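> Structure: work_21.tsv, TSV, N, CA and C atoms.
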```
chain	number	residue	atom	x	y	z
A	3	MET	N	-150.63	58.59	23.76
A	3	MET	CA	-149.33	58.00	23.92
A	3	MET	C	-149.50	56.47	23.86
A	4	PHE	N	-148.70	55.87	23.04
A	4	PHE	CA	-148.84	54.43	22.79
A	4	PHE	C	-148.51	53.59	24.02
A	5	LEU	N	-147.45	53.93	24.73
A	5	LEU	CA	-147.06	53.12	25.90
A	5	LEU	C	-148.08	53.21	27.02
A	6	GLY	N	-148.88	54.27	27.03
A	6	GLY	CA	-149.94	54.40	28.02
A	6	GLY	C	-151.03	53.35	27.87
A	7	LYS	N	-151.09	52.72	26.70
A	7	LYS	CA	-152.10	51.68	26.47
A	7	LYS	C	-151.77	50.40	27.23
A	8	PHE	N	-150.55	50.28	27.72
A	8	PHE	CA	-150.15	49.12	28.52
A	8	PHE	C	-150.34	49.38	30.01
A	9	TRP	N	-150.99	50.49	30.36
A	9	TRP	CA	-151.21	50.85	31.75
A	9	TRP	C	-152.71	50.90	31.99
A	10	GLY	N	-153.21	50.03	32.82
A	10	GLY	CA	-154.63	49.98	33.13
A	10	GLY	C	-155.00	48.59	33.60
A	11	LEU	N	-156.21	48.46	34.07
A	11	LEU	CA	-156.64	47.21	34.69
A	11	LEU	C	-156.58	46.03	33.72
A	12	SER	N	-157.12	46.19	32.52
A	12	SER	CA	-157.12	45.06	31.58
A	12	SER	C	-155.71	44.71	31.14
A	13	ALA	N	-154.87	45.71	30.93
A	13	ALA	CA	-153.48	45.45	30.55
A	13	ALA	C	-152.74	44.76	31.69
A	14	TRP	N	-153.00	45.18	32.92
A	14	TRP	CA	-152.33	44.55	34.07
A	14	TRP	C	-152.73	43.09	34.19
A	15	MET	N	-153.99	42.79	33.95
A	15	MET	CA	-154.43	41.39	34.03
A	15	MET	C	-153.73	40.55	32.97
A	16	LEU	N	-153.64	41.07	31.76
A	16	LEU	CA	-152.95	40.32	30.70
A	16	LEU	C	-151.47	40.17	31.01
A	17	GLU	N	-150.86	41.20	31.58
A	17	GLU	CA	-149.45	41.11	31.94
A	17	GLU	C	-149.23	40.09	33.06
A	18	LEU	N	-150.16	40.05	34.01
A	18	LEU	CA	-150.06	39.05	35.07
A	18	LEU	C	-150.19	37.63	34.51
A	19	ILE	N	-151.11	37.46	33.55
A	19	ILE	CA	-151.25	36.16	32.90
A	19	ILE	C	-149.96	35.78	32.18
A	20	MET	N	-149.30	36.77	31.55
A	20	MET	CA	-148.04	36.50	30.86
A	20	MET	C	-146.97	36.04	31.86
A	21	VAL	N	-146.89	36.72	33.01
A	21	VAL	CA	-145.90	36.35	34.03
A	21	VAL	C	-146.18	34.94	34.54
A	22	LEU	N	-147.46	34.65	34.84
A	22	LEU	CA	-147.80	33.31	35.34
A	22	LEU	C	-147.52	32.24	34.29
A	23	SER	N	-147.78	32.56	33.03
A	23	SER	CA	-147.51	31.60	31.96
A	23	SER	C	-146.02	31.32	31.86
A	24	ALA	N	-145.21	32.37	32.01
A	24	ALA	CA	-143.75	32.18	31.95
A	24	ALA	C	-143.27	31.35	33.13
A	25	VAL	N	-143.82	31.61	34.33
A	25	VAL	CA	-143.41	30.87	35.53
A	25	VAL	C	-143.80	29.40	35.40
A	26	LEU	N	-144.98	29.14	34.85
A	26	LEU	CA	-145.46	27.76	34.72
A	26	LEU	C	-144.90	27.05	33.48
A	27	GLY	N	-144.16	27.78	32.66
A	27	GLY	CA	-143.56	27.17	31.48
A	27	GLY	C	-144.51	26.99	30.31
A	28	LYS	N	-145.61	27.66	30.31
A	28	LYS	CA	-146.58	27.57	29.20
A	28	LYS	C	-146.31	28.71	28.23
A	29	TYR	N	-145.30	28.50	27.40
A	29	TYR	CA	-144.84	29.57	26.53
A	29	TYR	C	-145.81	29.87	25.39
A	30	SER	N	-146.58	28.89	24.98
A	30	SER	CA	-147.57	29.15	23.93
A	30	SER	C	-148.64	30.12	24.45
A	31	ASP	N	-149.06	29.95	25.70
A	31	ASP	CA	-150.00	30.89	26.31
A	31	ASP	C	-149.38	32.28	26.44
A	32	LEU	N	-148.11	32.30	26.80
A	32	LEU	CA	-147.39	33.56	26.94
A	32	LEU	C	-147.39	34.33	25.62
A	33	VAL	N	-147.12	33.64	24.52
A	33	VAL	CA	-147.07	34.28	23.20
A	33	VAL	C	-148.46	34.77	22.79
A	34	VAL	N	-149.47	33.94	23.01
A	34	VAL	CA	-150.84	34.32	22.61
A	34	VAL	C	-151.32	35.53	23.41
A	35	VAL	N	-151.13	35.52	24.71
A	35	VAL	CA	-151.57	36.64	25.54
A	35	VAL	C	-150.75	37.89	25.23
A	36	GLY	N	-149.46	37.72	24.99
A	36	GLY	CA	-148.63	38.87	24.60
A	36	GLY	C	-149.10	39.48	23.29
A	37	ALA	N	-149.45	38.63	22.33
A	37	ALA	CA	-149.97	39.13	21.05
A	37	ALA	C	-151.30	39.86	21.26
A	38	LEU	N	-152.17	39.32	22.12
A	38	LEU	CA	-153.44	39.99	22.42
A	38	LEU	C	-153.20	41.36	23.05
A	39	LEU	N	-152.24	41.43	23.93
A	39	LEU	CA	-151.93	42.70	24.59
A	39	LEU	C	-151.45	43.74	23.58
A	40	VAL	N	-150.57	43.33	22.69
A	40	VAL	CA	-150.04	44.26	21.69
A	40	VAL	C	-151.12	44.67	20.69
A	41	VAL	N	-151.92	43.71	20.24
A	41	VAL	CA	-153.00	44.03	19.29
A	41	VAL	C	-154.00	44.98	19.94
A	42	ASN	N	-154.33	44.74	21.20
A	42	ASN	CA	-155.24	45.62	21.92
A	42	ASN	C	-154.67	47.04	21.99
A	43	ALA	N	-153.39	47.16	22.30
A	43	ALA	CA	-152.76	48.48	22.40
A	43	ALA	C	-152.74	49.19	21.05
A	44	VAL	N	-152.42	48.47	19.99
A	44	VAL	CA	-152.37	49.07	18.65
A	44	VAL	C	-153.75	49.54	18.22
A	45	LEU	N	-154.76	48.69	18.38
A	45	LEU	CA	-156.12	49.07	17.98
A	45	LEU	C	-156.63	50.25	18.79
A	46	SER	N	-156.37	50.26	20.07
A	46	SER	CA	-156.79	51.36	20.93
A	46	SER	C	-156.11	52.67	20.53
A	47	PHE	N	-154.81	52.59	20.24
A	47	PHE	CA	-154.07	53.78	19.81
A	47	PHE	C	-154.61	54.32	18.49
A	48	MET	N	-154.87	53.42	17.54
A	48	MET	CA	-155.39	53.86	16.23
A	48	MET	C	-156.77	54.48	16.37
A	49	GLN	N	-157.62	53.89	17.20
A	49	GLN	CA	-158.96	54.42	17.39
A	49	GLN	C	-158.91	55.80	18.04
A	50	GLU	N	-158.06	55.96	19.03
A	50	GLU	CA	-157.92	57.26	19.69
A	50	GLU	C	-157.39	58.31	18.72
A	51	HIS	N	-156.42	57.93	17.89
A	51	HIS	CA	-155.86	58.86	16.91
A	51	HIS	C	-156.91	59.28	15.89
A	52	ARG	N	-157.69	58.32	15.42
A	52	ARG	CA	-158.75	58.62	14.45
A	52	ARG	C	-159.82	59.52	15.08
A	53	ALA	N	-160.19	59.25	16.32
A	53	ALA	CA	-161.20	60.06	17.00
A	53	ALA	C	-160.70	61.49	17.18
A	54	ALA	N	-159.43	61.66	17.49
A	54	ALA	CA	-158.87	63.00	17.63
A	54	ALA	C	-158.93	63.75	16.31
A	55	GLY	N	-158.68	63.05	15.20
A	55	GLY	CA	-158.79	63.68	13.89
A	55	GLY	C	-160.21	64.09	13.56
A	56	VAL	N	-161.17	63.27	13.94
A	56	VAL	CA	-162.58	63.60	13.69
A	56	VAL	C	-162.99	64.82	14.51
A	57	VAL	N	-162.56	64.88	15.76
A	57	VAL	CA	-162.89	66.02	16.60
A	57	VAL	C	-162.29	67.30	16.01
A	58	GLU	N	-161.07	67.23	15.54
A	58	GLU	CA	-160.43	68.40	14.94
A	58	GLU	C	-161.16	68.84	13.68
A	59	THR	N	-161.59	67.88	12.85
A	59	THR	CA	-162.35	68.21	11.65
A	59	THR	C	-163.67	68.88	12.00
A	60	LEU	N	-164.36	68.35	13.00
A	60	LEU	CA	-165.62	68.96	13.44
A	60	LEU	C	-165.39	70.36	13.98
A	61	ARG	N	-164.32	70.55	14.70
A	61	ARG	CA	-164.00	71.87	15.23
A	61	ARG	C	-163.76	72.88	14.12
A	62	LYS	N	-163.11	72.43	13.04
A	62	LYS	CA	-162.86	73.32	11.91
A	62	LYS	C	-164.16	73.65	11.16
A	63	ARG	N	-165.05	72.67	11.07
A	63	ARG	CA	-166.31	72.88	10.35
A	63	ARG	C	-167.30	73.73	11.13
A	64	LEU	N	-167.20	73.66	12.44
A	64	LEU	CA	-168.14	74.38	13.28
A	64	LEU	C	-167.76	75.85	13.31
A	65	GLN	N	-168.62	76.68	12.78
A	65	GLN	CA	-168.38	78.10	12.83
A	65	GLN	C	-169.60	78.73	13.50
A	66	VAL	N	-169.39	79.24	14.67
A	66	VAL	CA	-170.48	79.84	15.42
A	66	VAL	C	-170.70	81.25	14.87
A	67	SER	N	-171.95	81.54	14.59
A	67	SER	CA	-172.28	82.88	14.09
A	67	SER	C	-173.32	83.52	14.99
A	68	ALA	N	-173.41	84.81	14.88
A	68	ALA	CA	-174.37	85.57	15.68
A	68	ALA	C	-175.16	86.48	14.77
A	69	ARG	N	-176.42	86.64	15.08
A	69	ARG	CA	-177.28	87.56	14.33
A	69	ARG	C	-177.31	88.85	15.12
A	70	VAL	N	-176.81	89.94	14.52
A	70	VAL	CA	-176.69	91.22	15.22
A	70	VAL	C	-177.32	92.32	14.39
A	71	MET	N	-177.69	93.40	15.09
A	71	MET	CA	-178.22	94.57	14.39
A	71	MET	C	-177.13	95.62	14.32
A	72	ARG	N	-176.78	95.98	13.11
A	72	ARG	CA	-175.76	97.00	12.87
A	72	ARG	C	-176.36	98.05	11.94
A	73	ASP	N	-176.31	99.28	12.36
A	73	ASP	CA	-176.84	100.39	11.55
A	73	ASP	C	-178.27	100.11	11.12
A	74	ALA	N	-179.09	99.65	12.05
A	74	ALA	CA	-180.52	99.35	11.84
A	74	ALA	C	-180.76	98.22	10.86
A	75	ASN	N	-179.74	97.41	10.57
A	75	ASN	CA	-179.88	96.25	9.69
A	75	ASN	C	-179.40	95.01	10.43
A	76	TRP	N	-180.15	93.91	10.29
A	76	TRP	CA	-179.74	92.65	10.88
A	76	TRP	C	-178.70	91.99	9.99
A	77	GLN	N	-177.63	91.52	10.61
A	77	GLN	CA	-176.55	90.85	9.87
A	77	GLN	C	-176.15	89.58	10.62
A	78	VAL	N	-175.66	88.62	9.89
A	78	VAL	CA	-175.09	87.41	10.49
A	78	VAL	C	-173.58	87.52	10.35
A	79	ILE	N	-172.90	87.52	11.49
A	79	ILE	CA	-171.44	87.66	11.49
A	79	ILE	C	-170.84	86.51	12.30
A	80	PRO	N	-169.56	86.20	12.08
A	80	PRO	CA	-168.92	85.19	12.93
A	80	PRO	C	-168.91	85.65	14.38
A	81	ALA	N	-169.16	84.74	15.28
A	81	ALA	CA	-169.27	85.10	16.70
A	81	ALA	C	-167.97	85.67	17.25
A	82	GLU	N	-166.85	85.31	16.66
A	82	GLU	CA	-165.57	85.85	17.15
A	82	GLU	C	-165.48	87.36	16.93
A	83	ASN	N	-166.27	87.90	15.98
A	83	ASN	CA	-166.27	89.34	15.73
A	83	ASN	C	-167.35	90.06	16.52
A	84	TRP	N	-168.10	89.33	17.33
A	84	TRP	CA	-169.22	89.93	18.02
A	84	TRP	C	-168.78	90.81	19.17
A	85	PHE	N	-167.66	90.46	19.79
A	85	PHE	CA	-167.14	91.25	20.90
A	85	PHE	C	-165.87	91.96	20.47
A	86	GLN	N	-165.70	93.13	21.03
A	86	GLN	CA	-164.42	93.82	20.86
A	86	GLN	C	-163.99	94.33	22.22
A	87	GLU	N	-162.69	94.41	22.40
A	87	GLU	CA	-162.18	94.83	23.69
A	87	GLU	C	-162.01	96.34	23.71
A	88	THR	N	-162.54	96.96	24.75
A	88	THR	CA	-162.35	98.39	24.95
A	88	THR	C	-161.92	98.59	26.38
A	89	SER	N	-160.73	99.06	26.57
A	89	SER	CA	-160.15	99.33	27.89
A	89	SER	C	-160.30	98.15	28.85
A	90	SER	N	-159.89	96.98	28.39
A	90	SER	CA	-159.89	95.73	29.14
A	90	SER	C	-161.27	95.26	29.58
A	91	VAL	N	-162.32	95.81	28.98
A	91	VAL	CA	-163.68	95.35	29.25
A	91	VAL	C	-164.24	94.83	27.94
A	92	CYS	N	-164.77	93.64	27.96
A	92	CYS	CA	-165.33	93.02	26.77
A	92	CYS	C	-166.78	93.48	26.61
A	93	VAL	N	-167.03	94.25	25.54
A	93	VAL	CA	-168.36	94.83	25.31
A	93	VAL	C	-168.84	94.39	23.95
A	94	PRO	N	-170.14	94.04	23.81
A	94	PRO	CA	-170.64	93.72	22.48
A	94	PRO	C	-170.40	94.87	21.52
A	95	VAL	N	-170.03	94.54	20.28
A	95	VAL	CA	-169.66	95.56	19.30
A	95	VAL	C	-170.80	96.54	19.08
A	96	THR	N	-172.03	96.08	19.06
A	96	THR	CA	-173.16	96.98	18.79
A	96	THR	C	-173.26	98.04	19.87
A	97	LEU	N	-172.92	97.70	21.12
A	97	LEU	CA	-172.96	98.70	22.19
A	97	LEU	C	-171.75	99.63	22.13
A	98	SER	N	-170.58	99.08	21.80
A	98	SER	CA	-169.38	99.91	21.79
A	98	SER	C	-169.39	100.88	20.61
A	99	GLN	N	-170.13	100.57	19.54
A	99	GLN	CA	-170.19	101.49	18.40
A	99	GLN	C	-171.02	102.72	18.74
A	100	ARG	N	-171.93	102.57	19.68
A	100	ARG	CA	-172.79	103.70	20.06
A	100	ARG	C	-172.09	104.64	21.03
A	101	MET	N	-171.02	104.15	21.68
A	101	MET	CA	-170.33	104.96	22.70
A	101	MET	C	-169.46	106.00	22.07
```
The structure in this file should be written as structure tokens.

Amino acid sequence: MFLGKFWGLSAWMLELIMVLSAVLGKYSDLVVVGALLVVNAVLSFMQEHRAAGVVETLRKRLQVSARVMRDANWQVIPAENWFQETSSVCVPVTLSQRM
């Protein structure tokens, strides 16, 4: 959330500097610090958004597989197919096939 970037210790310090600059009549300082605050928030938001995209890409690329023995042959299958539910108990497929 973009507005959340204005909440935190460093943002509070910059906001306090802006208030003090306004009270003291130093408007050039107020503008510079305000610009720094906004640039910091924009860069932080962009970096967080990019990092979230990278994590999602890695999650899509990561496919966990399992090496299992089926019918006396070793096979590599996706790990999501390794378990099957039987009567609300999660049992490895190789064991449930023998039952």
> As a PyMOL selection string, please: the residues near segment 4-20 of chain A (cut-off 6.5 Å, all atoms listed in the file, same-chain neighbours under 6 positions excluded).
chain A and resi 31-32+35-36+43+47
> Could you check how far atom CA of Arg61 of chain A sits from atom CA of Gln49 of chain A, in Å to one decimal?
18.3 Å
> What does the structure give for the distance between atom CA of Met3 of chain A and atom CA of Val40 of chain A, in Å to one decimal?
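Atom CA of Val40 of chain A lies 13.9 Å from atom CA of Met3 of chain A.
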> Could you please determine the separation between atom N of Leu64 of chain A and atom N of Ala81 of chain A in Å, to one decimal place?
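Going from atom N of Leu64 of chain A over to atom N of Ala81 of chain A, I get 11.6 Å.
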> From the block you just saw, export segment 10-21 of chain A: N, CA, C and O atoms, as an mmCIF file, in the first residue's frame.

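What ended up in selection_13.cif:
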```cif
data_model
loop_
_atom_site.group_PDB
_atom_site.id
_atom_site.type_symbol
_atom_site.label_atom_id
_atom_site.label_comp_id
_atom_site.auth_asym_id
_atom_site.auth_seq_id
_atom_site.Cartn_x
_atom_site.Cartn_y
_atom_site.Cartn_z
ATOM 1 N N GLY A 10 6.156 5.428 9.510
ATOM 2 C CA GLY A 10 7.369 4.790 9.999
ATOM 3 C C GLY A 10 8.313 5.841 10.545
ATOM 4 O O GLY A 10 8.105 7.055 10.385
ATOM 5 N N LEU A 11 9.360 5.383 11.172
ATOM 6 C CA LEU A 11 10.269 6.281 11.867
ATOM 7 C C LEU A 11 10.923 7.297 10.928
ATOM 8 O O LEU A 11 10.940 8.496 11.206
ATOM 9 N N SER A 12 11.458 6.836 9.805
ATOM 10 C CA SER A 12 12.130 7.774 8.899
ATOM 11 C C SER A 12 11.136 8.756 8.279
ATOM 12 O O SER A 12 11.442 9.950 8.125
ATOM 13 N N ALA A 13 9.951 8.284 7.943
ATOM 14 C CA ALA A 13 8.926 9.181 7.393
ATOM 15 C C ALA A 13 8.488 10.199 8.443
ATOM 16 O O ALA A 13 8.284 11.372 8.126
ATOM 17 N N TRP A 14 8.354 9.756 9.684
ATOM 18 C CA TRP A 14 7.948 10.682 10.750
ATOM 19 C C TRP A 14 8.991 11.762 10.958
ATOM 20 O O TRP A 14 8.659 12.921 11.185
ATOM 21 N N MET A 15 10.256 11.392 10.889
ATOM 22 C CA MET A 15 11.309 12.398 11.057
ATOM 23 C C MET A 15 11.254 13.434 9.937
ATOM 24 O O MET A 15 11.375 14.636 10.181
ATOM 25 N N LEU A 16 11.072 12.969 8.706
ATOM 26 C CA LEU A 16 10.976 13.909 7.585
ATOM 27 C C LEU A 16 9.736 14.781 7.703
ATOM 28 O O LEU A 16 9.779 15.985 7.392
ATOM 29 N N GLU A 17 8.635 14.205 8.166
ATOM 30 C CA GLU A 17 7.413 14.994 8.345
ATOM 31 C C GLU A 17 7.592 16.038 9.449
ATOM 32 O O GLU A 17 7.099 17.164 9.330
ATOM 33 N N LEU A 18 8.296 15.666 10.508
ATOM 34 C CA LEU A 18 8.572 16.625 11.573
ATOM 35 C C LEU A 18 9.451 17.770 11.065
ATOM 36 O O LEU A 18 9.211 18.939 11.384
ATOM 37 N N ILE A 19 10.441 17.426 10.237
ATOM 38 C CA ILE A 19 11.288 18.462 9.637
ATOM 39 C C ILE A 19 10.448 19.392 8.763
ATOM 40 O O ILE A 19 10.649 20.612 8.764
ATOM 41 N N MET A 20 9.476 18.824 8.038
ATOM 42 C CA MET A 20 8.609 19.650 7.198
ATOM 43 C C MET A 20 7.787 20.615 8.060
ATOM 44 O O MET A 20 7.637 21.787 7.716
ATOM 45 N N VAL A 21 7.244 20.120 9.174
ATOM 46 C CA VAL A 21 6.447 20.970 10.059
ATOM 47 C C VAL A 21 7.318 22.087 10.638
ATOM 48 O O VAL A 21 6.919 23.259 10.649
#
```
